[in-house]
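Structure file target.pdb (PDB, C-alpha atoms) is printed below.
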ATOM      1  CA  MET A1254     226.768 122.922  12.057  1.00  0.00           C
ATOM      2  CA  GLU A1255     225.446 120.024  14.101  1.00  0.00           C
ATOM      3  CA  ARG A1256     222.019 121.632  14.169  1.00  0.00           C
ATOM      4  CA  ALA A1257     222.151 122.087  10.387  1.00  0.00           C
ATOM      5  CA  CYS A1258     222.995 118.408   9.900  1.00  0.00           C
ATOM      6  CA  SER A1259     220.080 117.261  12.025  1.00  0.00           C
ATOM      7  CA  MET A1260     217.753 119.778  10.384  1.00  0.00           C
ATOM      8  CA  ILE A1261     218.700 118.565   6.889  1.00  0.00           C
ATOM      9  CA  ALA A1262     218.022 114.969   7.949  1.00  0.00           C
ATOM     10  CA  GLU A1263     214.671 115.996   9.471  1.00  0.00           C
ATOM     11  CA  LEU A1264     213.684 117.904   6.341  1.00  0.00           C
ATOM     12  CA  GLY A1265     214.409 114.822   4.262  1.00  0.00           C
ATOM     13  CA  SER A1266     212.335 112.594   6.534  1.00  0.00           C
ATOM     14  CA  GLU A1267     209.442 115.050   6.522  1.00  0.00           C
ATOM     15  CA  LEU A1268     209.563 115.270   2.744  1.00  0.00           C
ATOM     16  CA  ASP A1269     209.560 111.488   2.405  1.00  0.00           C
ATOM     17  CA  GLN A1270     206.422 111.274   4.545  1.00  0.00           C
ATOM     18  CA  ARG A1271     204.672 114.029   2.616  1.00  0.00           C
ATOM     19  CA  LEU A1272     205.591 112.611  -0.786  1.00  0.00           C
ATOM     20  CA  VAL A1273     204.090 109.227   0.100  1.00  0.00           C
ATOM     21  CA  SER A1274     200.702 110.789   0.806  1.00  0.00           C
ATOM     22  CA  GLU A1275     200.745 113.188  -2.147  1.00  0.00           C
ATOM     23  CA  ARG A1276     199.526 111.764  -5.454  1.00  0.00           C
ATOM     24  CA  GLN A1277     199.676 114.838  -7.694  1.00  0.00           C
ATOM     25  CA  PRO A1278     203.031 115.185  -9.502  1.00  0.00           C
ATOM     26  CA  ALA A1279     202.809 118.992  -9.522  1.00  0.00           C
ATOM     27  CA  GLU A1280     202.372 119.054  -5.745  1.00  0.00           C
ATOM     28  CA  GLN A1281     205.184 116.524  -5.284  1.00  0.00           C
ATOM     29  CA  LEU A1282     207.454 118.793  -7.317  1.00  0.00           C
ATOM     30  CA  ARG A1283     206.409 121.823  -5.268  1.00  0.00           C
ATOM     31  CA  LEU A1284     207.199 119.957  -2.043  1.00  0.00           C
ATOM     32  CA  LEU A1285     210.554 118.871  -3.415  1.00  0.00           C
ATOM     33  CA  ARG A1286     211.461 122.408  -4.491  1.00  0.00           C
ATOM     34  CA  SER A1287     210.390 123.868  -1.188  1.00  0.00           C
ATOM     35  CA  THR A1288     212.408 121.343   0.801  1.00  0.00           C
ATOM     36  CA  THR A1289     215.417 121.739  -1.479  1.00  0.00           C
ATOM     37  CA  ASN A1290     215.322 125.507  -0.897  1.00  0.00           C
ATOM     38  CA  ARG A1291     215.146 124.992   2.869  1.00  0.00           C
ATOM     39  CA  ILE A1292     218.040 122.521   2.774  1.00  0.00           C
ATOM     40  CA  THR A1293     220.085 124.964   0.694  1.00  0.00           C
ATOM     41  CA  ARG A1294     219.433 127.852   3.090  1.00  0.00           C
ATOM     42  CA  THR A1295     220.277 125.665   6.071  1.00  0.00           C
ATOM     43  CA  ALA A1296     223.518 124.487   4.459  1.00  0.00           C
ATOM     44  CA  ASN A1297     224.492 128.037   3.479  1.00  0.00           C
ATOM     45  CA  ASP A1298     223.947 129.257   7.046  1.00  0.00           C
ATOM     46  CA  ALA A1299     226.065 126.385   8.357  1.00  0.00           C
ATOM     47  CA  ILE A1300     228.822 127.128   5.864  1.00  0.00           C
ATOM     48  CA  GLN A1301     228.916 130.779   6.926  1.00  0.00           C
ATOM     49  CA  ALA A1302     229.127 129.726  10.586  1.00  0.00           C
ATOM     50  CA  TYR A1303     231.925 127.293   9.694  1.00  0.00           C
ATOM     51  CA  ILE A1304     233.872 130.044   7.913  1.00  0.00           C
ATOM     52  CA  ARG A1305     233.591 132.392  10.899  1.00  0.00           C
ATOM     53  CA  ALA A1306     234.580 129.688  13.378  1.00  0.00           C
ATOM     54  CA  ARG A1307     237.461 128.496  11.220  1.00  0.00           C
ATOM     55  CA  ARG A1308     238.846 132.052  10.963  1.00  0.00           C
ATOM     56  CA  ALA A1309     238.662 132.470  14.723  1.00  0.00           C
ATOM     57  CA  VAL A1310     240.352 129.122  15.318  1.00  0.00           C
ATOM     58  CA  ASN A1311     243.099 129.858  12.798  1.00  0.00           C
ATOM     59  CA  ALA A1312     243.747 133.237  14.400  1.00  0.00           C
ATOM     60  CA  GLU A1313     244.070 131.563  17.800  1.00  0.00           C
ATOM     61  CA  VAL A1314     246.473 128.958  16.450  1.00  0.00           C
ATOM     62  CA  GLU A1315     248.606 131.662  14.818  1.00  0.00           C
ATOM     63  CA  ARG A1316     248.853 133.594  18.101  1.00  0.00           C
ATOM     64  CA  ASP A1317     250.676 130.588  19.524  1.00  0.00           C
ATOM     65  CA  THR A1318     249.245 131.097  22.980  1.00  0.00           C
ATOM     66  CA  ALA A1319     248.411 128.519  25.585  1.00  0.00           C
ATOM     67  CA  ARG A1320     244.983 128.298  23.980  1.00  0.00           C
ATOM     68  CA  ALA A1321     246.454 127.235  20.637  1.00  0.00           C
ATOM     69  CA  GLU A1322     246.257 123.595  21.683  1.00  0.00           C
ATOM     70  CA  ASP A1323     242.535 123.960  22.376  1.00  0.00           C
ATOM     71  CA  ALA A1324     242.171 125.715  19.035  1.00  0.00           C
ATOM     72  CA  LEU A1325     243.773 122.756  17.279  1.00  0.00           C
ATOM     73  CA  VAL A1326     241.251 120.440  18.922  1.00  0.00           C
ATOM     74  CA  MET A1327     238.468 122.775  17.822  1.00  0.00           C
ATOM     75  CA  ARG A1328     239.876 122.757  14.286  1.00  0.00           C
ATOM     76  CA  GLY A1329     239.488 118.981  14.239  1.00  0.00           C
ATOM     77  CA  LEU A1330     235.927 119.222  15.542  1.00  0.00           C
ATOM     78  CA  LEU A1331     235.072 121.800  12.899  1.00  0.00           C
ATOM     79  CA  GLN A1332     236.519 119.601  10.185  1.00  0.00           C
ATOM     80  CA  ALA A1333     234.456 116.651  11.407  1.00  0.00           C
ATOM     81  CA  ALA A1334     231.305 118.802  11.454  1.00  0.00           C
ATOM     82  CA  ARG A1335     232.064 120.004   7.927  1.00  0.00           C
ATOM     83  CA  LEU A1336     232.434 116.437   6.708  1.00  0.00           C
ATOM     84  CA  GLU A1337     229.151 115.451   8.350  1.00  0.00           C
ATOM     85  CA  LEU A1338     227.383 118.372   6.670  1.00  0.00           C
ATOM     86  CA  LEU A1339     228.772 117.281   3.307  1.00  0.00           C
ATOM     87  CA  ARG A1340     227.638 113.719   4.019  1.00  0.00           C
ATOM     88  CA  GLN A1341     224.118 114.887   4.837  1.00  0.00           C
ATOM     89  CA  LEU A1342     224.020 116.909   1.625  1.00  0.00           C
ATOM     90  CA  ASP A1343     225.170 113.874  -0.357  1.00  0.00           C
ATOM     91  CA  VAL A1344     222.400 111.784   1.215  1.00  0.00           C
ATOM     92  CA  ALA A1345     219.804 114.444   0.360  1.00  0.00           C
ATOM     93  CA  SER A1346     221.152 114.781  -3.165  1.00  0.00           C
ATOM     94  CA  ALA A1347     221.103 111.045  -3.796  1.00  0.00           C
ATOM     95  CA  ARG A1348     217.650 110.692  -2.320  1.00  0.00           C
ATOM     96  CA  TYR A1349     216.011 113.200  -4.655  1.00  0.00           C
ATOM     97  CA  THR A1350     218.067 112.925  -7.823  1.00  0.00           C
ATOM     98  CA  PRO A1351     215.819 111.859 -10.675  1.00  0.00           C
ATOM     99  CA  LYS A1352     216.369 108.262 -11.719  1.00  0.00           C
ATOM    100  CA  ALA A1353     217.238 107.757 -15.394  1.00  0.00           C
TER     101      ALA A1353
END

Take the structure in the file and write it out as structure tokens.
Amino acid sequence: MERACSMIAELGSELDQRLVSERQPAEQLRLLRSTTNRITRTANDAIQAYIRARRAVNAEVERDTARAEDALVMRGLLQAARLELLRQLDVASARYTPKA
């Protein structure tokens, strides 16, 4: 999830740089669509990883073993990573939402 967050931020920065140098609206739109698709795929992969990790952590917590305490810590880390991913997606969404 951390890698997805940094990749989404990098994709946004790269797009910003490319949009500045591109004058043709059709090409700007193509770049925007391409980057949006890459961001979406990256986010979807991160979400699937989050789901798998969350299931594993929940199973460990439910076992009530000595490792349950570590699993609770991991649950908090996963939640923080999820929130950061959502924040990155909000930034990307706000950055490229058409202005009225």

Task: Pick from A:Ala1296, A:Leu1282, A:Ala1302, A:Val1310, whichever lies nearest to A:Glu1322 using only C-alpha atoms - done: A:Val1310

Open item on the list: Please report the interatomic distance between atom CA of A:Met1254 and atom CA of A:Arg1294 in Å with one decimal.
Closed with: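 Separation between atom CA of A:Met1254 and atom CA of A:Arg1294: 12.6 Å.
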
- [ ] List, as a ChimeraX atom specification, every residue that the PyMOL selection byres ((chain A and resi 1303-1305) around 12) selects in the file provided.
- [x] /A:1254-1255,1257,1296-1302,1306-1312,1327-1328,1330-1336,1338

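Relative to atom CA of A:Gln1341, atom CA of A:Ser1259 is found at 8.6 Å.
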
Task: Contacts of stretch 1283-1293 of chain A at 8 Å (only C-alpha atoms; same-chain gap of 4+ positions) as a PyMOL selection string - done: chain A and resi 1261+1264-1265+1268+1271-1272+1279+1297+1349

- [ ] Please indicate the distance in Å from atom CA of A:Glu1313 to atom CA of A:Arg1256, rounded to one decimal place.
- [x]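 Distance reported for this atom pair: 24.5 Å.
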
Please give the centre and size of the box around stretch 1284-1290 of chain A (axis-aligned, containing every atom listed in the file, 8 Å added per side), with values in Å to one decimal and written as AutoDock Vina command-line options.
--center_x 211.3 --center_y 122.2 --center_z -1.8 --size_x 24.2 --size_y 22.6 --size_z 21.3

Can you save stretch 1285-1298 of chain A of the given block to a file, including all heavy atoms and formatted as a PDB file, in the first residue's frame?
ATOM      1  N   LEU A1285      -4.083  12.483 -19.656  1.00  0.00           N
ATOM      2  CA  LEU A1285      -4.901  12.428 -18.444  1.00  0.00           C
ATOM      3  C   LEU A1285      -5.602  11.082 -18.317  1.00  0.00           C
ATOM      4  O   LEU A1285      -5.599  10.472 -17.250  1.00  0.00           O
ATOM      5  CB  LEU A1285      -5.918  13.565 -18.444  1.00  0.00           C
ATOM      6  CG  LEU A1285      -6.835  13.662 -17.233  1.00  0.00           C
ATOM      7  CD1 LEU A1285      -6.039  13.806 -15.942  1.00  0.00           C
ATOM      8  CD2 LEU A1285      -7.784  14.844 -17.405  1.00  0.00           C
ATOM      9  N   ARG A1286      -6.175  10.605 -19.398  1.00  0.00           N
ATOM     10  CA  ARG A1286      -6.848   9.292 -19.370  1.00  0.00           C
ATOM     11  C   ARG A1286      -5.876   8.169 -19.055  1.00  0.00           C
ATOM     12  O   ARG A1286      -6.166   7.291 -18.251  1.00  0.00           O
ATOM     13  CB  ARG A1286      -7.526   9.018 -20.709  1.00  0.00           C
ATOM     14  CG  ARG A1286      -8.789   9.778 -20.908  1.00  0.00           C
ATOM     15  CD  ARG A1286      -9.420   9.412 -22.221  1.00  0.00           C
ATOM     16  NE  ARG A1286     -10.642  10.157 -22.421  1.00  0.00           N
ATOM     17  CZ  ARG A1286     -11.135  10.477 -23.589  1.00  0.00           C
ATOM     18  NH1 ARG A1286     -10.509  10.117 -24.700  1.00  0.00           N
ATOM     19  NH2 ARG A1286     -12.253  11.149 -23.678  1.00  0.00           N
ATOM     20  N   SER A1287      -4.729   8.216 -19.690  1.00  0.00           N
ATOM     21  CA  SER A1287      -3.728   7.182 -19.470  1.00  0.00           C
ATOM     22  C   SER A1287      -3.278   7.156 -18.008  1.00  0.00           C
ATOM     23  O   SER A1287      -3.194   6.091 -17.383  1.00  0.00           O
ATOM     24  CB  SER A1287      -2.528   7.426 -20.385  1.00  0.00           C
ATOM     25  OG  SER A1287      -1.493   6.534 -20.100  1.00  0.00           O
ATOM     26  N   THR A1288      -2.997   8.321 -17.467  1.00  0.00           N
ATOM     27  CA  THR A1288      -2.563   8.401 -16.069  1.00  0.00           C
ATOM     28  C   THR A1288      -3.680   7.990 -15.122  1.00  0.00           C
ATOM     29  O   THR A1288      -3.440   7.275 -14.140  1.00  0.00           O
ATOM     30  CB  THR A1288      -2.058   9.815 -15.743  1.00  0.00           C
ATOM     31  OG1 THR A1288      -0.971  10.121 -16.618  1.00  0.00           O
ATOM     32  CG2 THR A1288      -1.599   9.923 -14.298  1.00  0.00           C
ATOM     33  N   THR A1289      -4.898   8.406 -15.419  1.00  0.00           N
ATOM     34  CA  THR A1289      -6.035   8.019 -14.585  1.00  0.00           C
ATOM     35  C   THR A1289      -6.191   6.497 -14.565  1.00  0.00           C
ATOM     36  O   THR A1289      -6.433   5.908 -13.503  1.00  0.00           O
ATOM     37  CB  THR A1289      -7.330   8.684 -15.092  1.00  0.00           C
ATOM     38  OG1 THR A1289      -7.170  10.108 -15.032  1.00  0.00           O
ATOM     39  CG2 THR A1289      -8.528   8.289 -14.253  1.00  0.00           C
ATOM     40  N   ASN A1290      -6.035   5.865 -15.714  1.00  0.00           N
ATOM     41  CA  ASN A1290      -6.112   4.397 -15.774  1.00  0.00           C
ATOM     42  C   ASN A1290      -5.007   3.753 -14.943  1.00  0.00           C
ATOM     43  O   ASN A1290      -5.253   2.767 -14.228  1.00  0.00           O
ATOM     44  CB  ASN A1290      -6.036   3.911 -17.217  1.00  0.00           C
ATOM     45  CG  ASN A1290      -7.294   4.193 -17.989  1.00  0.00           C
ATOM     46  OD1 ASN A1290      -8.372   4.366 -17.420  1.00  0.00           O
ATOM     47  ND2 ASN A1290      -7.177   4.258 -19.308  1.00  0.00           N
ATOM     48  N   ARG A1291      -3.811   4.296 -15.013  1.00  0.00           N
ATOM     49  CA  ARG A1291      -2.696   3.744 -14.229  1.00  0.00           C
ATOM     50  C   ARG A1291      -2.927   3.936 -12.739  1.00  0.00           C
ATOM     51  O   ARG A1291      -2.645   3.035 -11.936  1.00  0.00           O
ATOM     52  CB  ARG A1291      -1.376   4.379 -14.670  1.00  0.00           C
ATOM     53  CG  ARG A1291      -0.978   3.942 -16.075  1.00  0.00           C
ATOM     54  CD  ARG A1291       0.256   4.642 -16.567  1.00  0.00           C
ATOM     55  NE  ARG A1291       1.426   4.253 -15.769  1.00  0.00           N
ATOM     56  CZ  ARG A1291       2.585   4.895 -15.814  1.00  0.00           C
ATOM     57  NH1 ARG A1291       2.747   5.934 -16.606  1.00  0.00           N
ATOM     58  NH2 ARG A1291       3.583   4.493 -15.069  1.00  0.00           N
ATOM     59  N   ILE A1292      -3.449   5.098 -12.357  1.00  0.00           N
ATOM     60  CA  ILE A1292      -3.755   5.349 -10.945  1.00  0.00           C
ATOM     61  C   ILE A1292      -4.832   4.382 -10.464  1.00  0.00           C
ATOM     62  O   ILE A1292      -4.730   3.811  -9.372  1.00  0.00           O
ATOM     63  CB  ILE A1292      -4.174   6.816 -10.725  1.00  0.00           C
ATOM     64  CG1 ILE A1292      -2.962   7.735 -10.860  1.00  0.00           C
ATOM     65  CG2 ILE A1292      -4.838   7.008  -9.361  1.00  0.00           C
ATOM     66  CD1 ILE A1292      -3.290   9.216 -10.880  1.00  0.00           C
ATOM     67  N   THR A1293      -5.844   4.167 -11.285  1.00  0.00           N
ATOM     68  CA  THR A1293      -6.931   3.255 -10.922  1.00  0.00           C
ATOM     69  C   THR A1293      -6.419   1.836 -10.747  1.00  0.00           C
ATOM     70  O   THR A1293      -6.765   1.163  -9.766  1.00  0.00           O
ATOM     71  CB  THR A1293      -8.043   3.302 -11.991  1.00  0.00           C
ATOM     72  OG1 THR A1293      -8.547   4.637 -12.074  1.00  0.00           O
ATOM     73  CG2 THR A1293      -9.176   2.352 -11.654  1.00  0.00           C
ATOM     74  N   ARG A1294      -5.589   1.370 -11.670  1.00  0.00           N
ATOM     75  CA  ARG A1294      -5.031   0.013 -11.541  1.00  0.00           C
ATOM     76  C   ARG A1294      -4.164  -0.106 -10.293  1.00  0.00           C
ATOM     77  O   ARG A1294      -4.233  -1.108  -9.560  1.00  0.00           O
ATOM     78  CB  ARG A1294      -4.221  -0.350 -12.788  1.00  0.00           C
ATOM     79  CG  ARG A1294      -5.069  -0.723 -13.977  1.00  0.00           C
ATOM     80  CD  ARG A1294      -4.252  -1.365 -15.095  1.00  0.00           C
ATOM     81  NE  ARG A1294      -3.130  -0.559 -15.536  1.00  0.00           N
ATOM     82  CZ  ARG A1294      -3.182   0.379 -16.472  1.00  0.00           C
ATOM     83  NH1 ARG A1294      -4.322   0.648 -17.072  1.00  0.00           N
ATOM     84  NH2 ARG A1294      -2.116   1.050 -16.823  1.00  0.00           N
ATOM     85  N   THR A1295      -3.357   0.906 -10.040  1.00  0.00           N
ATOM     86  CA  THR A1295      -2.504   0.897  -8.855  1.00  0.00           C
ATOM     87  C   THR A1295      -3.339   0.849  -7.580  1.00  0.00           C
ATOM     88  O   THR A1295      -3.061   0.074  -6.655  1.00  0.00           O
ATOM     89  CB  THR A1295      -1.588   2.138  -8.849  1.00  0.00           C
ATOM     90  OG1 THR A1295      -0.784   2.117 -10.036  1.00  0.00           O
ATOM     91  CG2 THR A1295      -0.703   2.183  -7.616  1.00  0.00           C
ATOM     92  N   ALA A1296      -4.376   1.675  -7.519  1.00  0.00           N
ATOM     93  CA  ALA A1296      -5.252   1.699  -6.346  1.00  0.00           C
ATOM     94  C   ALA A1296      -5.975   0.368  -6.184  1.00  0.00           C
ATOM     95  O   ALA A1296      -6.087  -0.150  -5.058  1.00  0.00           O
ATOM     96  CB  ALA A1296      -6.256   2.841  -6.458  1.00  0.00           C
ATOM     97  N   ASN A1297      -6.460  -0.204  -7.272  1.00  0.00           N
ATOM     98  CA  ASN A1297      -7.150  -1.496  -7.181  1.00  0.00           C
ATOM     99  C   ASN A1297      -6.225  -2.593  -6.666  1.00  0.00           C
ATOM    100  O   ASN A1297      -6.630  -3.419  -5.839  1.00  0.00           O
ATOM    101  CB  ASN A1297      -7.741  -1.889  -8.535  1.00  0.00           C
ATOM    102  CG  ASN A1297      -8.975  -1.106  -8.876  1.00  0.00           C
ATOM    103  OD1 ASN A1297      -9.650  -0.555  -8.002  1.00  0.00           O
ATOM    104  ND2 ASN A1297      -9.291  -1.029 -10.155  1.00  0.00           N
ATOM    105  N   ASP A1298      -4.988  -2.611  -7.147  1.00  0.00           N
ATOM    106  CA  ASP A1298      -4.016  -3.592  -6.645  1.00  0.00           C
ATOM    107  C   ASP A1298      -3.771  -3.400  -5.153  1.00  0.00           C
ATOM    108  O   ASP A1298      -3.688  -4.368  -4.395  1.00  0.00           O
ATOM    109  CB  ASP A1298      -2.704  -3.483  -7.412  1.00  0.00           C
ATOM    110  CG  ASP A1298      -2.809  -3.961  -8.854  1.00  0.00           C
ATOM    111  OD1 ASP A1298      -3.824  -4.610  -9.209  1.00  0.00           O
ATOM    112  OD2 ASP A1298      -1.885  -3.658  -9.638  1.00  0.00           O
TER     113      ASP A1298
END
